[in-house]
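Scroll down for the structure; my scribbles are underneath it.
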Amino acid sequence: MPTQNSPYSAFATLLASSGQPVSPAELHGLLLGRSCAGAGFEADAWLVDAADLFTTEPADNIRAALIGLQEMVKAELTGDDIAVVLLLPSDDAPLADRAAAMGQWCQGFLAGFGLTARDAALSSEAMEVLQDLAAIAQVQEALEESEDGENDYMEVMEYLRVAPLLLFTECVKPAAPAAPKPSLH
């Protein structure tokens, strides 16, 4: 197995070394899901939600990593650069591992979004995104080590990098006031 210094493998190693059976992908999905639903970026509230995925109280180094992860997500969501970097295994990891992590990411995202959004009325586009994520969360076994499998994985990745932004824009960013309609006399 190649030694990877990807953020994913570093975070996975950190979690495993402290005996936490949670995937970095699921944590990142949870964080992004709750952020896109309007949870805000208050560190303590994030740590409380994240703690639900842990078997024991996370150690200080994990708490620091979680706060760092949140700073990264906040910068991505509130910056001008409209792109989210998914915390998933690097491209040289086996496709099955990457697909499994993608499924965990989607499950985490849906859990985080659901925790926060409660019963917010969503547009049909937003509902579609959530349905897509639920479908992707189930699909990881369908991808096989092949060029087609790789292409499918990359397509889904691209989708996952932009789909959360639609939800964030809808749930968090104030909509521009509608232009006054000209009155008909």
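Starting from 1 in every chain, residues are counted up; chains themselves are A, B, ... following the order of the structure tokens, and ligands are numbered from 1 as listed.
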
Please provide the set of residues having any atom within 12 Å of Glu42 of chain A, restricted to only C-alpha atoms, with same-chain residues fewer than 5 positions apart removed, written as a PyMOL selection string. chain A and resi 31+34-35+47-49+66-67+70-71+74

Running DSSP on the backbone, which parts of segment 32-123 of chain A land in alpha helix (DSSP H), as a ChimeraX atom specification? /A:32-36,43-51,60-78,95-117

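A straight line drawn from atom CA of Phe109 of chain A to atom CA of Leu27 of chain A is 8.4 Å long.
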
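Taking atom CA of Ser90 of chain A and atom CA of Glu147 of chain A as the two end points, the separation is 16.6 Å.
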
Pick out the residues sitting within 8 Å of Ala99 of chain A, and hand them over as a list in words; count only C-alpha atoms, and ignore anything fewer than 2 positions along from it in its own chain. Leu95, Ala96, Asp97, Ala101, Met102, Gly103, Gln140, Glu141, Leu143 and Tyr153 of chain A

All residues 12 Å or closer to Gly114 of chain A, only C-alpha atoms, same chain fewer than 3 positions away omitted, as a list in words: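 Listing them by chain and then by number gives Gly29, Leu30, Leu31, Leu32, Gly33, Arg34, Ser35, Cys36, Ala37, Gly38, Ala39, Asp49, Cys106, Gln107, Gly108, Phe109, Leu110, Ala111, Ala117, Arg118, Asp119, Ala120, Met127, Leu130 and Ala134 of chain A.
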